[in-house]
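Chemist: Hey, dropping my_file.cif in here, mmCIF, C-alpha atoms:
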```
data_model
loop_
_atom_site.group_PDB
_atom_site.id
_atom_site.type_symbol
_atom_site.label_atom_id
_atom_site.label_comp_id
_atom_site.auth_asym_id
_atom_site.auth_seq_id
_atom_site.Cartn_x
_atom_site.Cartn_y
_atom_site.Cartn_z
ATOM 1 C CA MET A 1 -7.014 9.409 -39.560
ATOM 2 C CA ARG A 2 -4.138 11.208 -37.844
ATOM 3 C CA HIS A 3 -0.653 9.731 -37.721
ATOM 4 C CA ARG A 4 0.731 8.954 -34.287
ATOM 5 C CA THR A 5 3.444 11.276 -33.017
ATOM 6 C CA GLY A 6 6.286 10.762 -30.603
ATOM 7 C CA GLN A 7 4.151 12.347 -27.890
ATOM 8 C CA ASP A 8 1.467 9.712 -28.537
ATOM 9 C CA VAL A 9 4.095 6.999 -28.041
ATOM 10 C CA LEU A 10 5.261 8.723 -24.857
ATOM 11 C CA ARG A 11 1.668 8.720 -23.605
ATOM 12 C CA ASP A 12 1.460 4.945 -24.221
ATOM 13 C CA VAL A 13 4.768 4.336 -22.415
ATOM 14 C CA THR A 14 3.771 6.564 -19.495
ATOM 15 C CA ARG A 15 0.383 4.858 -19.252
ATOM 16 C CA ARG A 16 2.209 1.536 -18.804
ATOM 17 C CA LEU A 17 5.076 2.589 -16.526
ATOM 18 C CA ALA A 18 3.909 5.654 -14.605
ATOM 19 C CA PRO A 19 0.137 6.118 -14.934
ATOM 20 C CA ALA A 20 0.050 8.480 -11.951
ATOM 21 C CA GLU A 21 2.323 10.857 -13.885
ATOM 22 C CA LEU A 22 0.027 11.131 -16.955
ATOM 23 C CA THR A 23 -1.428 14.389 -15.638
ATOM 24 C CA LYS A 24 2.029 15.985 -15.975
ATOM 25 C CA LEU A 25 2.681 14.736 -19.526
ATOM 26 C CA ASP A 26 1.862 17.933 -21.448
ATOM 27 C CA GLU A 27 3.748 20.111 -18.963
ATOM 28 C CA THR A 28 6.770 17.794 -19.100
ATOM 29 C CA CYS A 29 6.735 17.810 -22.916
ATOM 30 C CA ARG A 30 6.681 21.622 -22.971
ATOM 31 C CA ALA A 31 9.633 21.757 -20.570
ATOM 32 C CA TYR A 32 11.456 19.103 -22.586
ATOM 33 C CA ALA A 33 10.901 20.990 -25.849
ATOM 34 C CA ALA A 34 12.591 24.013 -24.290
ATOM 35 C CA ARG A 35 15.639 21.933 -23.364
ATOM 36 C CA PRO A 36 15.712 18.454 -24.970
ATOM 37 C CA TYR A 37 18.275 16.704 -22.772
ATOM 38 C CA PRO A 38 19.635 13.233 -23.542
ATOM 39 C CA PRO A 39 18.351 10.250 -21.552
ATOM 40 C CA GLN A 40 19.777 10.371 -18.022
ATOM 41 C CA PRO A 41 18.850 9.205 -14.529
ATOM 42 C CA MET A 42 16.859 11.701 -12.443
ATOM 43 C CA HIS A 43 16.227 10.956 -8.793
ATOM 44 C CA ARG A 44 14.328 12.853 -6.138
ATOM 45 C CA PRO A 45 16.246 12.931 -2.847
ATOM 46 C CA ALA A 46 14.513 11.789 0.327
ATOM 47 C CA THR A 47 14.363 15.431 1.488
ATOM 48 C CA ASP A 48 12.250 16.480 -1.524
ATOM 49 C CA PRO A 49 8.639 17.166 -0.441
ATOM 50 C CA LEU A 50 7.418 14.783 -3.140
ATOM 51 C CA GLY A 51 9.908 12.137 -2.051
ATOM 52 C CA ALA A 52 7.764 11.158 0.962
ATOM 53 C CA GLY A 53 10.890 10.636 3.054
ATOM 54 C CA ILE A 54 12.343 7.919 0.827
ATOM 55 C CA GLU A 55 14.423 7.915 -2.347
ATOM 56 C CA THR A 56 12.020 7.933 -5.283
ATOM 57 C CA THR A 57 12.355 8.182 -8.999
ATOM 58 C CA VAL A 58 10.028 10.328 -11.043
ATOM 59 C CA LEU A 59 9.817 8.438 -14.318
ATOM 60 C CA LEU A 60 8.216 10.918 -16.721
ATOM 61 C CA PRO A 61 11.329 13.112 -17.280
ATOM 62 C CA ILE A 62 13.307 9.948 -17.978
ATOM 63 C CA LEU A 63 10.634 8.463 -20.230
ATOM 64 C CA VAL A 64 10.271 11.608 -22.345
ATOM 65 C CA SER A 65 14.005 11.659 -23.009
ATOM 66 C CA VAL A 66 14.223 7.939 -23.813
ATOM 67 C CA VAL A 67 11.236 7.971 -26.198
ATOM 68 C CA ALA A 68 12.442 11.150 -27.922
ATOM 69 C CA GLN A 69 15.977 9.777 -28.271
ATOM 70 C CA VAL A 70 14.919 6.397 -29.680
ATOM 71 C CA LEU A 71 12.536 7.961 -32.208
ATOM 72 C CA ALA A 72 15.116 10.605 -33.184
ATOM 73 C CA ASP A 73 17.747 7.898 -33.649
ATOM 74 C CA LEU A 74 15.372 5.853 -35.804
ATOM 75 C CA ALA A 75 14.433 8.876 -37.934
ATOM 76 C CA SER A 76 18.070 9.993 -38.379
ATOM 77 C CA GLY A 77 19.410 6.550 -39.209
ATOM 78 C CA SER A 78 21.642 6.405 -36.121
ATOM 79 C CA ILE A 79 20.446 2.922 -35.185
ATOM 80 C CA ARG A 80 21.253 1.638 -38.656
ATOM 81 C CA THR A 81 24.626 3.415 -38.693
ATOM 82 C CA HIS A 82 25.838 2.664 -35.183
ATOM 83 C CA GLY A 83 24.201 -0.661 -34.384
ATOM 84 C CA SER A 84 24.669 -1.552 -30.725
ATOM 85 C CA ARG A 85 27.488 0.925 -30.078
ATOM 86 C CA LEU A 86 25.331 3.143 -27.863
ATOM 87 C CA ALA A 87 27.921 3.442 -25.085
ATOM 88 C CA ARG A 88 30.538 4.962 -27.420
ATOM 89 C CA LEU A 89 28.057 7.583 -28.661
ATOM 90 C CA TRP A 90 26.969 8.719 -25.186
ATOM 91 C CA PRO A 91 29.479 11.581 -24.622
ATOM 92 C CA TRP A 92 28.976 12.877 -28.177
ATOM 93 C CA ARG A 93 25.229 13.204 -27.658
ATOM 94 C CA ARG A 94 25.512 15.486 -24.660
ATOM 95 C CA SER A 95 27.218 18.225 -26.656
ATOM 96 C CA SER A 96 25.448 18.010 -29.984
ATOM 97 C CA HIS A 97 23.015 20.814 -30.804
ATOM 98 C CA ALA A 98 21.781 18.832 -33.834
ATOM 99 C CA ALA A 99 20.980 15.828 -31.633
ATOM 100 C CA ALA A 100 19.007 18.072 -29.255
ATOM 101 C CA GLU A 101 16.970 19.422 -32.162
ATOM 102 C CA GLU A 102 16.295 15.874 -33.407
ATOM 103 C CA ARG A 103 15.026 14.874 -29.950
ATOM 104 C CA ARG A 104 12.781 17.961 -29.822
ATOM 105 C CA GLU A 105 11.295 17.195 -33.249
ATOM 106 C CA ALA A 106 10.831 13.496 -32.474
ATOM 107 C CA LEU A 107 8.022 14.251 -30.025
ATOM 108 C CA HIS A 108 6.049 16.342 -32.498
ATOM 109 C CA ASN A 109 6.697 14.511 -35.768
ATOM 110 C CA SER A 110 4.940 11.377 -36.937
ATOM 111 C CA VAL A 111 6.446 8.150 -35.663
ATOM 112 C CA PRO A 112 9.159 7.135 -38.148
ATOM 113 C CA GLU A 113 8.879 3.915 -40.100
ATOM 114 C CA LEU A 114 11.175 0.979 -39.506
ATOM 115 C CA VAL A 115 13.507 1.254 -42.518
ATOM 116 C CA GLY A 116 16.901 -0.450 -42.694
ATOM 117 C CA VAL A 117 16.595 -1.629 -39.092
ATOM 118 C CA THR A 118 15.173 -4.889 -37.838
ATOM 119 C CA ARG A 119 12.569 -5.066 -35.115
ATOM 120 C CA GLN A 120 15.166 -6.725 -32.869
ATOM 121 C CA GLU A 121 17.723 -3.963 -33.491
ATOM 122 C CA LEU A 122 15.123 -1.347 -32.542
ATOM 123 C CA THR A 123 14.224 -3.335 -29.421
ATOM 124 C CA ASP A 124 17.885 -3.663 -28.402
ATOM 125 C CA TRP A 125 18.539 0.050 -29.028
ATOM 126 C CA ALA A 126 15.468 1.152 -27.048
ATOM 127 C CA LEU A 127 16.353 -1.240 -24.206
ATOM 128 C CA ALA A 128 19.918 0.118 -24.096
ATOM 129 C CA GLN A 129 18.630 3.717 -24.037
ATOM 130 C CA GLY A 130 16.293 2.914 -21.153
ATOM 131 C CA ARG A 131 18.976 1.129 -19.147
ATOM 132 C CA ALA A 132 21.490 3.934 -19.779
ATOM 133 C CA ALA A 133 18.911 6.414 -18.466
ATOM 134 C CA GLY A 134 18.583 4.492 -15.218
ATOM 135 C CA LEU A 135 15.385 2.535 -15.790
ATOM 136 C CA SER A 136 15.260 -0.904 -14.212
ATOM 137 C CA HIS A 137 15.599 -3.806 -16.628
ATOM 138 C CA ALA A 138 11.848 -4.498 -16.423
ATOM 139 C CA GLN A 139 10.966 -0.816 -16.972
ATOM 140 C CA ALA A 140 13.399 -0.522 -19.892
ATOM 141 C CA GLU A 141 12.029 -3.724 -21.412
ATOM 142 C CA THR A 142 8.433 -2.489 -21.163
ATOM 143 C CA CYS A 143 9.406 0.911 -22.571
ATOM 144 C CA ALA A 144 11.239 -0.720 -25.490
ATOM 145 C CA HIS A 145 8.314 -3.037 -26.179
ATOM 146 C CA VAL A 146 5.759 -0.200 -26.285
ATOM 147 C CA ILE A 147 8.023 1.839 -28.606
ATOM 148 C CA VAL A 148 8.500 -1.125 -30.949
ATOM 149 C CA VAL A 149 4.755 -1.822 -31.047
ATOM 150 C CA ALA A 150 4.164 1.855 -31.930
ATOM 151 C CA VAL A 151 6.724 1.745 -34.759
ATOM 152 C CA VAL A 152 5.916 -1.759 -36.010
ATOM 153 C CA PRO A 153 2.197 -2.410 -35.560
ATOM 154 C CA PRO A 154 1.155 -6.053 -35.195
ATOM 155 C CA ALA A 155 0.253 -7.857 -38.422
ATOM 156 C CA GLY A 156 -3.179 -6.802 -39.613
ATOM 157 C CA ALA A 157 -3.248 -3.587 -37.561
ATOM 158 C CA PRO A 158 -3.446 -0.269 -39.393
ATOM 159 C CA ALA A 159 -0.166 1.675 -39.505
ATOM 160 C CA ALA A 160 -1.685 4.924 -38.224
ATOM 161 C CA GLN A 161 -3.718 4.896 -35.038
ATOM 162 C CA SER A 162 -5.715 7.632 -33.378
ATOM 163 C CA PRO A 163 -4.056 8.787 -30.157
ATOM 164 C CA ASP A 164 -7.399 9.457 -28.455
ATOM 165 C CA GLY A 165 -7.078 6.523 -26.113
ATOM 166 C CA PRO A 166 -5.279 3.289 -25.427
ATOM 167 C CA ASP A 167 -5.618 0.593 -28.007
ATOM 168 C CA ASP A 168 -4.802 -3.009 -27.180
ATOM 169 C CA ALA A 169 -2.476 -3.171 -30.189
ATOM 170 C CA GLN A 170 -0.769 0.060 -29.174
ATOM 171 C CA THR A 171 -0.656 -0.528 -25.425
ATOM 172 C CA PRO A 172 0.242 -4.179 -24.904
ATOM 173 C CA THR A 173 -0.528 -5.805 -21.573
ATOM 174 C CA SER A 174 2.879 -7.392 -21.098
ATOM 175 C CA PRO A 175 6.391 -7.022 -22.466
ATOM 176 C CA PRO A 176 7.756 -9.684 -24.797
ATOM 177 C CA ALA A 177 8.985 -12.878 -23.188
ATOM 178 C CA SER A 178 12.733 -12.910 -22.705
#
```
How does this structure look as structure tokens?
Modeler:
Amino acid sequence: MRHRTGQDVLRDVTRRLAPAELTKLDETCRAYAARPYPPQPMHRPATDPLGAGIETTVLLPILVSVVAQVLADLASGSIRTHGSRLARLWPWRRSSHAAAEERREALHNSVPELVGVTRQELTDWALAQGRAAGLSHAQAETCAHVIVVAVVPPAGAPAAQSPDGPDDAQTPTSPPAS
């Protein structure tokens, strides 16, 4: 059985939040690997041909950066070290070559284990990353929930899942109740 990677988690998140964008997932991951930017809002202007005359948001570029950042932070120990101080770290991240490399690797490496961080701390960190990137509260909450489920499988579920398709344990039907 193959371990799930960050790209598998991204596929689960995209399936929940932007299923129409799944066809662009591999292409987006290749582009992201070439330049692993930090989570940030990305909007299409109304004049963009894909904007259909209204302001729209293409979620996949945002989702890839949020998932990569959360998994990189978990693997590097940043969540454990910095707790909820995400806002103070934001400017530092933009200029760090090491942080960019960690984000790049997070998509290809196995999903890190939850060590030294509680499930709630991971949820809060992922929610803050999503909100800082411009996701709505509901989108950020769903994204955080899917990431947490990927890192901390439900009791009784195997730790490593095959990424061949959605699994009810890996792709929950609703975010946690607030």
Chemist: What does the distance between CA of Val66 in chain A and CA of Leu122 in chain A come to in Å, to one decimal place?
Modeler: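 For CA of Val66 in chain A relative to CA of Leu122 in chain A, the distance reads 12.8 Å.
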Chemist: Set out as a tab-separated table a contact list for range 113-158 of chain A and range 73-79 of chain A with a cut-off of 10 Å, giving each residue of range 113-158 of chain A that qualifies its closest atom pair and distance in Å to one decimal, counting only C-alpha atoms, ordered by chain and rising residue number.
Modeler:
```
residue	atom	partner	partner_atom	distance
A:Glu113	CA	A:Ala75	CA	7.8
A:Leu114	CA	A:Leu74	CA	7.4
A:Val115	CA	A:Leu74	CA	8.3
A:Gly116	CA	A:Gly77	CA	8.2
A:Val117	CA	A:Ile79	CA	7.1
A:Thr118	CA	A:Ile79	CA	9.8
A:Glu121	CA	A:Ile79	CA	7.6
A:Leu122	CA	A:Ile79	CA	7.3
A:Asp124	CA	A:Ile79	CA	9.8
A:Trp125	CA	A:Ile79	CA	7.1
A:Ala126	CA	A:Ile79	CA	9.7
A:Val151	CA	A:Leu74	CA	9.6
```
Chemist: Suppose you want the space between CA of Leu63 in chain A and CA of Thr23 in chain A; what is it in Å?
Modeler: 14.2 Å
Chemist: Nearest to Pro61 in chain A among A:Val9, A:Leu107, A:Cys29, A:Ala100, with distances taken over only C-alpha atoms: which residue is it?
Modeler: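 Closest to Pro61 in chain A of all the choices is A:Cys29.
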Chemist: Report as an NGL selection string the full result of the PyMOL selection byres ((chain A and resi 26) around 12) when it is applied to this structure.
Modeler: :A and (7-8 or 10-11 or 14 or 21-25 or 27-33 or 60-61 or 64 or 107-108)
Chemist: Between A:Thr142, A:Ser136, A:Gln69, A:Gln120, which is the closest to Glu101 in chain A once you count only C-alpha atoms?
Modeler: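 Counting only C-alpha atoms, the residue closest to Glu101 in chain A is A:Gln69.
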Chemist: Go through A:Ser110, A:Leu71, A:Arg35, A:Arg103 one by one, measure the shortest atom-to-atom distance of each to Ala144 in chain A using only C-alpha atoms, and give the residue with the smallest value.
Modeler: A:Leu71
Chemist: Rebuild range 111-125 of chain A to N, CA, C and O atoms - output it as a PDB file, in the coordinates of the input, please.
Modeler:
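Output file part_23.pdb is given in full below:
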```
ATOM      1  N   VAL A 111       5.548   9.248 -36.023  1.00  0.00           N
ATOM      2  CA  VAL A 111       6.446   8.150 -35.663  1.00  0.00           C
ATOM      3  C   VAL A 111       7.125   7.655 -36.937  1.00  0.00           C
ATOM      4  O   VAL A 111       6.449   7.371 -37.930  1.00  0.00           O
ATOM      5  N   PRO A 112       8.464   7.578 -36.939  1.00  0.00           N
ATOM      6  CA  PRO A 112       9.159   7.135 -38.148  1.00  0.00           C
ATOM      7  C   PRO A 112       8.897   5.662 -38.438  1.00  0.00           C
ATOM      8  O   PRO A 112       8.576   4.887 -37.546  1.00  0.00           O
ATOM      9  N   GLU A 113       9.043   5.312 -39.702  1.00  0.00           N
ATOM     10  CA  GLU A 113       8.879   3.915 -40.100  1.00  0.00           C
ATOM     11  C   GLU A 113      10.166   3.146 -39.842  1.00  0.00           C
ATOM     12  O   GLU A 113      11.250   3.717 -39.788  1.00  0.00           O
ATOM     13  N   LEU A 114      10.034   1.853 -39.716  1.00  0.00           N
ATOM     14  CA  LEU A 114      11.175   0.979 -39.506  1.00  0.00           C
ATOM     15  C   LEU A 114      11.787   0.684 -40.877  1.00  0.00           C
ATOM     16  O   LEU A 114      11.287  -0.150 -41.619  1.00  0.00           O
ATOM     17  N   VAL A 115      12.855   1.403 -41.222  1.00  0.00           N
ATOM     18  CA  VAL A 115      13.507   1.254 -42.518  1.00  0.00           C
ATOM     19  C   VAL A 115      14.994   0.982 -42.286  1.00  0.00           C
ATOM     20  O   VAL A 115      15.676   1.765 -41.623  1.00  0.00           O
ATOM     21  N   GLY A 116      15.486  -0.128 -42.814  1.00  0.00           N
ATOM     22  CA  GLY A 116      16.901  -0.450 -42.694  1.00  0.00           C
ATOM     23  C   GLY A 116      17.310  -0.933 -41.321  1.00  0.00           C
ATOM     24  O   GLY A 116      18.502  -1.052 -41.029  1.00  0.00           O
ATOM     25  N   VAL A 117      16.337  -1.172 -40.455  1.00  0.00           N
ATOM     26  CA  VAL A 117      16.595  -1.629 -39.092  1.00  0.00           C
ATOM     27  C   VAL A 117      15.613  -2.755 -38.801  1.00  0.00           C
ATOM     28  O   VAL A 117      14.436  -2.643 -39.141  1.00  0.00           O
ATOM     29  N   THR A 118      16.087  -3.804 -38.181  1.00  0.00           N
ATOM     30  CA  THR A 118      15.173  -4.889 -37.838  1.00  0.00           C
ATOM     31  C   THR A 118      14.427  -4.549 -36.553  1.00  0.00           C
ATOM     32  O   THR A 118      14.850  -3.698 -35.770  1.00  0.00           O
ATOM     33  N   ARG A 119      13.344  -5.234 -36.349  1.00  0.00           N
ATOM     34  CA  ARG A 119      12.569  -5.066 -35.115  1.00  0.00           C
ATOM     35  C   ARG A 119      13.447  -5.344 -33.900  1.00  0.00           C
ATOM     36  O   ARG A 119      13.384  -4.632 -32.900  1.00  0.00           O
ATOM     37  N   GLN A 120      14.291  -6.375 -33.988  1.00  0.00           N
ATOM     38  CA  GLN A 120      15.166  -6.725 -32.869  1.00  0.00           C
ATOM     39  C   GLN A 120      16.214  -5.644 -32.612  1.00  0.00           C
ATOM     40  O   GLN A 120      16.520  -5.329 -31.467  1.00  0.00           O
ATOM     41  N   GLU A 121      16.755  -5.049 -33.667  1.00  0.00           N
ATOM     42  CA  GLU A 121      17.723  -3.963 -33.491  1.00  0.00           C
ATOM     43  C   GLU A 121      17.071  -2.761 -32.800  1.00  0.00           C
ATOM     44  O   GLU A 121      17.672  -2.150 -31.914  1.00  0.00           O
ATOM     45  N   LEU A 122      15.839  -2.439 -33.192  1.00  0.00           N
ATOM     46  CA  LEU A 122      15.123  -1.347 -32.542  1.00  0.00           C
ATOM     47  C   LEU A 122      14.866  -1.682 -31.077  1.00  0.00           C
ATOM     48  O   LEU A 122      15.049  -0.833 -30.193  1.00  0.00           O
ATOM     49  N   THR A 123      14.465  -2.905 -30.800  1.00  0.00           N
ATOM     50  CA  THR A 123      14.224  -3.335 -29.421  1.00  0.00           C
ATOM     51  C   THR A 123      15.494  -3.211 -28.593  1.00  0.00           C
ATOM     52  O   THR A 123      15.480  -2.664 -27.487  1.00  0.00           O
ATOM     53  N   ASP A 124      16.606  -3.724 -29.121  1.00  0.00           N
ATOM     54  CA  ASP A 124      17.885  -3.663 -28.402  1.00  0.00           C
ATOM     55  C   ASP A 124      18.315  -2.228 -28.147  1.00  0.00           C
ATOM     56  O   ASP A 124      18.810  -1.891 -27.071  1.00  0.00           O
ATOM     57  N   TRP A 125      18.147  -1.356 -29.154  1.00  0.00           N
ATOM     58  CA  TRP A 125      18.539   0.050 -29.028  1.00  0.00           C
ATOM     59  C   TRP A 125      17.693   0.747 -27.958  1.00  0.00           C
ATOM     60  O   TRP A 125      18.210   1.446 -27.091  1.00  0.00           O
TER      61      TRP A 125
END
```
